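First up is the structure itself, then whatever we jot down about it.
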Amino acid sequence: MPTTISCSIPPFESFSAAVGHARLAEQLGYDAIMFSHIASRDSFTLAAALAVHTERIGLATAVAPLYHRSPASMAQTAATVDDVSGGRFRLGLGVGHRVTMGGWHGQQIGKPAAEMREYIGIVRAILAGQAPPPGERWSSNFAFIGFAPRPDIPIYQAALSPAMLRLAGEISDGVILWATPPQYVRDVVIPQVTAGRARVGKSLDDFEILSAVPSSVTQDRDGALAGIRTELHRYFGLPFYRAMFEAAGFAADLAVYDAAAPDVDAQKRAISEDFIDHLCGIGDGDAVRRGVQRYIEAGVTNPVLTGILGTDYDATLDAVAADIAAPTKA
């Protein structure tokens with residue numbers, strides 16, 4: 001088992017609970033805590049706030065969509081959180097989805113791979129104190145005044161499709177995966193990221209492959225299944241994820257899900273236990289550790305332990321850390 005494992009702060013919990021989880025994760029020896037950027041708290045603000053309540057653990061967005069901040073604003077925000085945290089921040093970026101970027105931010109996704117390449121290029125240039133390169137979607141002449149940010153803040157890229165995975169290997173410091181079964185990691189993610197690294201003469205050395213592992217130490221399997229089905233329901237309706245689920249061998253789940261529409265409860269039940277058991281670790285501590293191990297064997301270098309709605313995240317953090325993170329408890 002590797003000693004590198006991260007975790008995700010549950011997005012809907014109170015701030016005081018988030019402080020408790022951040023401190024516990026640090027005590028247990030987790031590498032970083034991740035912050036999702038959904039219709040809840042702002043991930044950057046939460047990362048900055050929890051930086052004050054922790055000392056050593058890394059802090060990362062997983063992930064912030066491109067289209068809600070300009071590249072200049074993103075670079076400025078990332079540099080500020082990194083400064084507040086004493087150099088512990090990692091910037092996780094993703095394209096997002098057309099329905100949310102249009103509905104929430106009034107922004108249209110054009111050419112995802114080209115726009116991601118352009119965006120990260122501008123952010124990296126600003127952090128390095130260089131003139132941002134001209135772009136088709138974004139342009140900026142922003143430069144920091146009186147403040148020199150860390151120029152090599154790690155940038156992780158969310159990716160699902162082969163083209164985006166190759167791009168992540170080429171221009172990013174790591175790839176972040178969510179709801180990605182281990183067989184897709186093994187059969188698609190690793191080969192495509194490797195191809196992207198080869199484009200720029202690099203290997204997978206020092207490249208992070210982070211994948212969420214939804215997990216719960218619980219005796220209430222039915223409750224955990226209900227929780228993860230509620231979380232997964234919207235992803236079964238999103239085109240990027242649907243393509244990935246089909247490629248991972250779960251076209252039958254998609255067909256049953258579609259046939260159940262518009263009954264939301266029936267659609268949730270259509271997400272099979274077979275799919276969930278591939279994706280998650282649910283049960284006693286050994287079951288959760290086996291779930292994490294499947295991702296490691298598939299090629300994940302930094303599993304991201306993610307809680308399941310309605311279950312005990314403290315117990316899950318503790319059980320996994322005991323054997324995988326090999327912590328030194330305070």
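Please note that chains go A, B, ... in the order of the structure tokens, that every chain numbers its residues from 1, and that ligands are numbered from 1 in the order shown.
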
So that I can see what lies close to Gly310 in chain A, please list as a ChimeraX atom specification the residues with an atom at most 9 Å from it, counting only C-alpha atoms and leaving out residues fewer than 6 positions away in the same chain.
/A:223-224,226-227

Long-range neighbours of range 279-281 of chain A as a PyMOL selection string, 10 Å cut-off, only C-alpha atoms, 3 positions minimum in chain:
chain A and resi 178-183+212-217+225+228+273-276+284-295+305-308+316

File dump, residues just selected, N, CA and C atoms, as a CSV table (one decimal), in the first residue's frame:
```csv
chain,number,residue,atom,x,y,z
A,178,TRP,N,-13.5,11.4,-11.0
A,178,TRP,CA,-14.6,11.2,-10.1
A,178,TRP,C,-15.6,10.3,-10.8
A,179,ALA,N,-16.2,9.4,-10.0
A,179,ALA,CA,-17.1,8.4,-10.4
A,179,ALA,C,-16.6,7.5,-11.6
A,180,THR,N,-15.3,7.2,-11.5
A,180,THR,CA,-14.6,6.5,-12.5
A,180,THR,C,-14.2,5.1,-12.0
A,181,PRO,N,-14.9,4.1,-12.5
A,181,PRO,CA,-14.6,2.7,-12.1
A,181,PRO,C,-13.1,2.3,-12.3
A,182,PRO,N,-12.5,1.5,-11.5
A,182,PRO,CA,-11.1,1.2,-11.7
A,182,PRO,C,-10.7,0.6,-13.1
A,183,GLN,N,-11.7,-0.2,-13.7
A,183,GLN,CA,-11.3,-0.7,-15.0
A,183,GLN,C,-11.1,0.4,-16.0
A,212,ALA,N,-11.4,9.7,-7.0
A,212,ALA,CA,-12.3,9.6,-5.8
A,212,ALA,C,-12.6,8.2,-5.6
A,213,VAL,N,-12.7,7.8,-4.4
A,213,VAL,CA,-13.1,6.4,-4.0
A,213,VAL,C,-14.3,6.6,-3.0
A,214,PRO,N,-15.5,6.7,-3.5
A,214,PRO,CA,-16.6,6.8,-2.5
A,214,PRO,C,-16.7,5.7,-1.5
A,215,SER,N,-16.7,6.0,-0.3
A,215,SER,CA,-16.5,4.9,0.7
A,215,SER,C,-17.3,5.2,2.0
A,216,SER,N,-17.6,4.1,2.7
A,216,SER,CA,-18.3,4.2,3.9
A,216,SER,C,-18.0,2.9,4.8
A,217,VAL,N,-17.5,3.1,6.0
A,217,VAL,CA,-17.5,2.1,7.0
A,217,VAL,C,-18.8,2.1,7.7
A,225,LEU,N,-26.1,2.5,0.1
A,225,LEU,CA,-26.5,2.4,-1.3
A,225,LEU,C,-27.5,3.6,-1.7
A,228,ILE,N,-25.3,6.8,-2.0
A,228,ILE,CA,-24.4,7.0,-3.2
A,228,ILE,C,-25.3,7.0,-4.5
A,273,GLU,N,-26.2,-2.5,-8.0
A,273,GLU,CA,-25.2,-2.8,-7.0
A,273,GLU,C,-23.9,-3.2,-7.6
A,274,ASP,N,-23.9,-3.8,-8.7
A,274,ASP,CA,-22.7,-4.2,-9.4
A,274,ASP,C,-21.8,-3.0,-9.7
A,275,PHE,N,-22.5,-2.0,-10.3
A,275,PHE,CA,-21.8,-0.7,-10.6
A,275,PHE,C,-21.2,-0.1,-9.3
A,276,ILE,N,-22.0,0.0,-8.3
A,276,ILE,CA,-21.6,0.6,-7.1
A,276,ILE,C,-20.5,-0.2,-6.4
A,284,ASP,N,-17.4,-3.1,6.2
A,284,ASP,CA,-16.4,-2.9,7.3
A,284,ASP,C,-15.1,-2.4,6.8
A,285,GLY,N,-14.2,-2.2,7.7
A,285,GLY,CA,-12.9,-1.6,7.3
A,285,GLY,C,-12.2,-2.3,6.2
A,286,ASP,N,-12.2,-3.6,6.3
A,286,ASP,CA,-11.6,-4.4,5.3
A,286,ASP,C,-12.2,-4.2,3.9
A,287,ALA,N,-13.5,-4.1,3.8
A,287,ALA,CA,-14.2,-3.9,2.6
A,287,ALA,C,-13.8,-2.5,2.0
A,288,VAL,N,-13.7,-1.5,2.8
A,288,VAL,CA,-13.4,-0.2,2.3
A,288,VAL,C,-11.9,-0.2,1.8
A,289,ARG,N,-11.0,-0.8,2.6
A,289,ARG,CA,-9.6,-0.9,2.2
A,289,ARG,C,-9.5,-1.7,0.9
A,290,ARG,N,-10.3,-2.7,0.7
A,290,ARG,CA,-10.2,-3.4,-0.6
A,290,ARG,C,-10.7,-2.5,-1.7
A,291,GLY,N,-11.7,-1.7,-1.5
A,291,GLY,CA,-12.1,-0.8,-2.5
A,291,GLY,C,-11.0,0.2,-2.9
A,292,VAL,N,-10.3,0.7,-1.9
A,292,VAL,CA,-9.2,1.6,-2.3
A,292,VAL,C,-8.1,0.9,-3.0
A,293,GLN,N,-7.8,-0.4,-2.6
A,293,GLN,CA,-6.8,-1.2,-3.2
A,293,GLN,C,-7.1,-1.4,-4.7
A,294,ARG,N,-8.3,-1.6,-5.1
A,294,ARG,CA,-8.7,-1.8,-6.5
A,294,ARG,C,-8.2,-0.6,-7.3
A,295,TYR,N,-8.3,0.6,-6.8
A,295,TYR,CA,-7.9,1.8,-7.6
A,295,TYR,C,-6.4,1.8,-7.6
A,305,LEU,N,-10.2,9.5,-0.7
A,305,LEU,CA,-11.3,9.0,0.0
A,305,LEU,C,-12.5,10.0,0.1
A,306,THR,N,-13.7,9.6,-0.4
A,306,THR,CA,-14.8,10.5,-0.5
A,306,THR,C,-16.0,9.9,0.3
A,307,GLY,N,-16.5,10.6,1.2
A,307,GLY,CA,-17.6,10.1,2.0
A,307,GLY,C,-18.9,9.9,1.2
A,308,ILE,N,-19.8,9.1,1.7
A,308,ILE,CA,-21.1,8.8,1.1
A,308,ILE,C,-22.2,9.5,1.9
A,316,THR,N,-14.8,6.2,8.6
A,316,THR,CA,-14.2,5.8,7.3
A,316,THR,C,-12.8,6.4,7.2
```

Using DSSP assignments from the backbone, pull out every residue in range 105-245 of chain A that falls under alpha helix (DSSP H) and give it to me as a short mmCIF file (atom, residue, chain, number, x, y, z; two decimals) with N, CA and C atoms, in the first residue's frame.
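Everything below was put into part34.cif:
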```cif
data_model
loop_
_atom_site.label_atom_id
_atom_site.label_comp_id
_atom_site.auth_asym_id
_atom_site.auth_seq_id
_atom_site.Cartn_x
_atom_site.Cartn_y
_atom_site.Cartn_z
N HIS A 105 -23.64 30.24 -14.88
CA HIS A 105 -22.68 31.32 -15.11
C HIS A 105 -22.90 32.08 -16.42
N PRO A 112 -13.68 22.13 -25.64
CA PRO A 112 -13.15 21.90 -24.28
C PRO A 112 -11.63 21.73 -24.22
N ALA A 113 -11.07 20.88 -25.07
CA ALA A 113 -9.63 20.63 -24.98
C ALA A 113 -8.82 21.88 -25.32
N ALA A 114 -9.21 22.56 -26.39
CA ALA A 114 -8.48 23.76 -26.79
C ALA A 114 -8.60 24.86 -25.73
N GLU A 115 -9.78 24.98 -25.14
CA GLU A 115 -9.98 26.03 -24.14
C GLU A 115 -9.26 25.70 -22.83
N MET A 116 -9.19 24.42 -22.48
CA MET A 116 -8.43 24.03 -21.30
C MET A 116 -6.93 24.31 -21.51
N ARG A 117 -6.41 23.97 -22.67
CA ARG A 117 -5.00 24.22 -22.96
C ARG A 117 -4.69 25.72 -22.86
N GLU A 118 -5.53 26.53 -23.46
CA GLU A 118 -5.33 27.97 -23.46
C GLU A 118 -5.41 28.53 -22.04
N TYR A 119 -6.40 28.09 -21.29
CA TYR A 119 -6.63 28.59 -19.94
C TYR A 119 -5.45 28.27 -19.03
N ILE A 120 -5.01 27.02 -19.01
CA ILE A 120 -3.90 26.63 -18.15
C ILE A 120 -2.62 27.34 -18.57
N GLY A 121 -2.43 27.55 -19.87
CA GLY A 121 -1.25 28.27 -20.33
C GLY A 121 -1.20 29.69 -19.78
N ILE A 122 -2.34 30.36 -19.75
CA ILE A 122 -2.39 31.73 -19.22
C ILE A 122 -2.17 31.72 -17.71
N VAL A 123 -2.80 30.80 -16.99
CA VAL A 123 -2.62 30.73 -15.54
C VAL A 123 -1.16 30.47 -15.19
N ARG A 124 -0.55 29.52 -15.87
CA ARG A 124 0.87 29.21 -15.57
C ARG A 124 1.76 30.42 -15.84
N ALA A 125 1.51 31.13 -16.93
CA ALA A 125 2.34 32.29 -17.26
C ALA A 125 2.21 33.37 -16.19
N ILE A 126 1.00 33.64 -15.74
CA ILE A 126 0.78 34.67 -14.71
C ILE A 126 1.49 34.28 -13.42
N LEU A 127 1.36 33.02 -13.01
CA LEU A 127 2.03 32.58 -11.79
C LEU A 127 3.55 32.68 -11.90
N PRO A 162 -10.73 10.33 -23.81
CA PRO A 162 -9.33 10.12 -24.20
C PRO A 162 -8.61 11.40 -24.57
N ALA A 163 -9.26 12.31 -25.31
CA ALA A 163 -8.59 13.54 -25.71
C ALA A 163 -8.21 14.40 -24.51
N MET A 164 -9.11 14.53 -23.55
CA MET A 164 -8.83 15.33 -22.36
C MET A 164 -7.79 14.65 -21.48
N LEU A 165 -7.79 13.33 -21.43
CA LEU A 165 -6.78 12.61 -20.66
C LEU A 165 -5.39 12.80 -21.26
N ARG A 166 -5.31 12.76 -22.59
CA ARG A 166 -4.01 13.01 -23.23
C ARG A 166 -3.54 14.43 -22.94
N LEU A 167 -4.47 15.38 -22.99
CA LEU A 167 -4.12 16.77 -22.70
C LEU A 167 -3.62 16.91 -21.27
N ALA A 168 -4.28 16.25 -20.33
CA ALA A 168 -3.84 16.31 -18.93
C ALA A 168 -2.41 15.81 -18.80
N GLY A 169 -2.11 14.72 -19.47
CA GLY A 169 -0.74 14.20 -19.42
C GLY A 169 0.27 15.16 -19.99
N GLU A 170 -0.16 15.93 -20.97
CA GLU A 170 0.75 16.85 -21.66
C GLU A 170 0.99 18.13 -20.88
N ILE A 171 -0.05 18.74 -20.29
CA ILE A 171 0.10 20.10 -19.77
C ILE A 171 -0.10 20.23 -18.26
N PRO A 182 -12.52 1.49 -11.50
CA PRO A 182 -11.10 1.16 -11.68
C PRO A 182 -10.74 0.59 -13.05
N GLN A 183 -11.66 -0.17 -13.67
CA GLN A 183 -11.33 -0.74 -14.97
C GLN A 183 -11.15 0.35 -16.02
N TYR A 184 -11.87 1.46 -15.89
CA TYR A 184 -11.67 2.58 -16.82
C TYR A 184 -10.33 3.25 -16.57
N ILE A 190 -4.86 5.37 -17.83
CA ILE A 190 -3.39 5.18 -17.80
C ILE A 190 -2.79 5.23 -19.21
N PRO A 191 -3.33 4.49 -20.19
CA PRO A 191 -2.74 4.58 -21.54
C PRO A 191 -2.82 5.97 -22.15
N GLN A 192 -3.95 6.66 -21.97
CA GLN A 192 -4.10 7.96 -22.61
C GLN A 192 -3.23 9.03 -21.94
N VAL A 193 -3.15 9.01 -20.61
CA VAL A 193 -2.28 9.95 -19.92
C VAL A 193 -0.83 9.68 -20.29
N THR A 194 -0.47 8.41 -20.38
CA THR A 194 0.90 8.05 -20.78
C THR A 194 1.22 8.59 -22.17
N ALA A 195 0.26 8.50 -23.08
CA ALA A 195 0.45 9.04 -24.43
C ALA A 195 0.64 10.55 -24.39
N GLY A 196 -0.12 11.22 -23.55
CA GLY A 196 0.04 12.66 -23.42
C GLY A 196 1.39 13.04 -22.88
N ARG A 197 1.88 12.31 -21.89
CA ARG A 197 3.21 12.58 -21.36
C ARG A 197 4.28 12.37 -22.42
N ALA A 198 4.09 11.32 -23.22
CA ALA A 198 5.08 11.03 -24.27
C ALA A 198 5.16 12.15 -25.30
N ARG A 199 4.05 12.85 -25.54
CA ARG A 199 4.06 13.97 -26.49
C ARG A 199 5.10 15.02 -26.13
N ARG A 221 -25.77 -1.20 4.89
CA ARG A 221 -25.47 -1.20 3.46
C ARG A 221 -26.59 -0.51 2.66
N ASP A 222 -27.84 -0.79 3.03
CA ASP A 222 -28.94 -0.18 2.29
C ASP A 222 -28.89 1.34 2.37
N GLY A 223 -28.57 1.86 3.56
CA GLY A 223 -28.46 3.31 3.70
C GLY A 223 -27.35 3.89 2.85
N ALA A 224 -26.20 3.19 2.82
CA ALA A 224 -25.08 3.66 2.00
C ALA A 224 -25.42 3.59 0.52
N LEU A 225 -26.11 2.53 0.10
CA LEU A 225 -26.51 2.43 -1.30
C LEU A 225 -27.45 3.57 -1.68
N ALA A 226 -28.38 3.89 -0.78
CA ALA A 226 -29.30 5.00 -1.06
C ALA A 226 -28.53 6.31 -1.17
N GLY A 227 -27.54 6.50 -0.31
CA GLY A 227 -26.76 7.73 -0.34
C GLY A 227 -25.96 7.89 -1.61
N ILE A 228 -25.29 6.83 -2.03
CA ILE A 228 -24.45 6.96 -3.23
C ILE A 228 -25.32 7.03 -4.48
N ARG A 229 -26.46 6.37 -4.49
CA ARG A 229 -27.37 6.50 -5.65
C ARG A 229 -27.88 7.92 -5.80
N THR A 230 -28.16 8.56 -4.67
CA THR A 230 -28.59 9.97 -4.72
C THR A 230 -27.49 10.84 -5.32
N GLU A 231 -26.24 10.59 -4.93
CA GLU A 231 -25.12 11.37 -5.45
C GLU A 231 -24.88 11.09 -6.93
N LEU A 232 -25.01 9.84 -7.33
CA LEU A 232 -24.69 9.45 -8.71
C LEU A 232 -25.79 9.79 -9.70
N PRO A 239 -23.67 14.00 -20.26
CA PRO A 239 -23.08 13.33 -21.43
C PRO A 239 -21.65 12.83 -21.23
N PHE A 240 -20.78 13.65 -20.62
CA PHE A 240 -19.38 13.23 -20.46
C PHE A 240 -19.29 11.96 -19.60
N TYR A 241 -20.08 11.92 -18.54
CA TYR A 241 -20.04 10.75 -17.66
C TYR A 241 -20.71 9.54 -18.31
N ARG A 242 -21.78 9.77 -19.03
CA ARG A 242 -22.45 8.66 -19.70
C ARG A 242 -21.50 7.95 -20.67
N ALA A 243 -20.73 8.72 -21.41
CA ALA A 243 -19.78 8.13 -22.34
C ALA A 243 -18.74 7.30 -21.59
N MET A 244 -18.29 7.80 -20.46
CA MET A 244 -17.31 7.07 -19.67
C MET A 244 -17.90 5.80 -19.07
N PHE A 245 -19.13 5.89 -18.52
CA PHE A 245 -19.77 4.70 -17.95
C PHE A 245 -19.94 3.60 -19.00
#
```

As number ranges by chain, please: the residues near range 4-10 of chain A (cut-off 8 Å, only C-alpha atoms, same-chain neighbours under 2 positions excluded).
A: 2, 12-13, 18, 21-22, 25, 30-36, 301-307, 317, 324-325

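The interatomic distance for the pair CA of Ser161 in chain A and CA of Arg269 in chain A works out to 26.4 Å.
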
Can you measure CA of Ala319 in chain A to CA of Glu26 in chain A for me? One decimal in Å is fine.
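Between these atoms lies a distance of 14.5 Å.
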
Have a look at A:Gly249, A:Pro71, A:Pro262, A:Gly237 and name the one nearest to Pro132 in chain A; count only C-alpha atoms.
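So, comparing all the options, the nearest one is A:Pro71.
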
Gap from CA of Thr61 in chain A to CA of Ile209 in chain A - Å, one decimal
14.7 Å

Can you list, as a ChimeraX atom specification, every protein, DNA or RNA residue that comes within 7 Å of range 137-154 of chain A when you count only C-alpha atoms, leaving out same-chain residues fewer than 2 positions away?
/A:72,79,89-91,115,126-129,131-132,134-135,156,173

Please produce a file of those selected residues containing C-alpha atoms, as a CSV table (one decimal), in the first residue's frame.
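Produced file again-v4.csv, reproduced below:
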```csv
chain,number,residue,atom,x,y,z
A,72,ALA,CA,-6.3,36.1,-14.4
A,79,ALA,CA,-1.9,32.4,-5.5
A,89,PHE,CA,-2.4,24.7,-2.3
A,90,ARG,CA,-3.0,22.7,-5.5
A,91,LEU,CA,-5.3,24.0,-8.2
A,115,GLU,CA,-10.0,26.0,-24.1
A,126,ILE,CA,0.8,34.7,-14.7
A,127,LEU,CA,2.0,32.6,-11.8
A,128,ALA,CA,5.5,32.5,-13.3
A,129,GLY,CA,5.6,36.3,-13.8
A,131,ALA,CA,3.4,37.7,-20.2
A,132,PRO,CA,0.3,35.6,-20.8
A,134,PRO,CA,-2.6,35.4,-26.5
A,135,GLY,CA,-5.7,33.3,-26.8
A,156,TYR,CA,-4.4,19.1,-11.7
A,173,ASP,CA,0.8,18.0,-13.0
```

Leu46 in chain A surroundings by only C-alpha atoms, 9 Å radius, close-in-sequence under 4 positions cut, as a count of residues only:
7

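Closest to Gly58 in chain A among A:Ser85, A:Thr45, A:Thr80, A:Gln267 is A:Ser85, based on only C-alpha atoms.
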
Restricting the calculation to only C-alpha atoms, which member of A:Gly299, A:Gly86, A:Pro65, A:Gly110 is positioned closest to Ala159 in chain A?
A:Pro65

DSSP strand (DSSP E or B) residues within range 8-226 of chain A, listed as a PyMOL selection string:
chain A and resi 8+32-35+58-61+64-65+89-94+155-158+174-177+208-217

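Distances here use only C-alpha atoms; by that measure, the residue among A:Ile271, A:Val189, A:Val320, A:Leu238 closest to Phe250 in chain A is A:Ile271.
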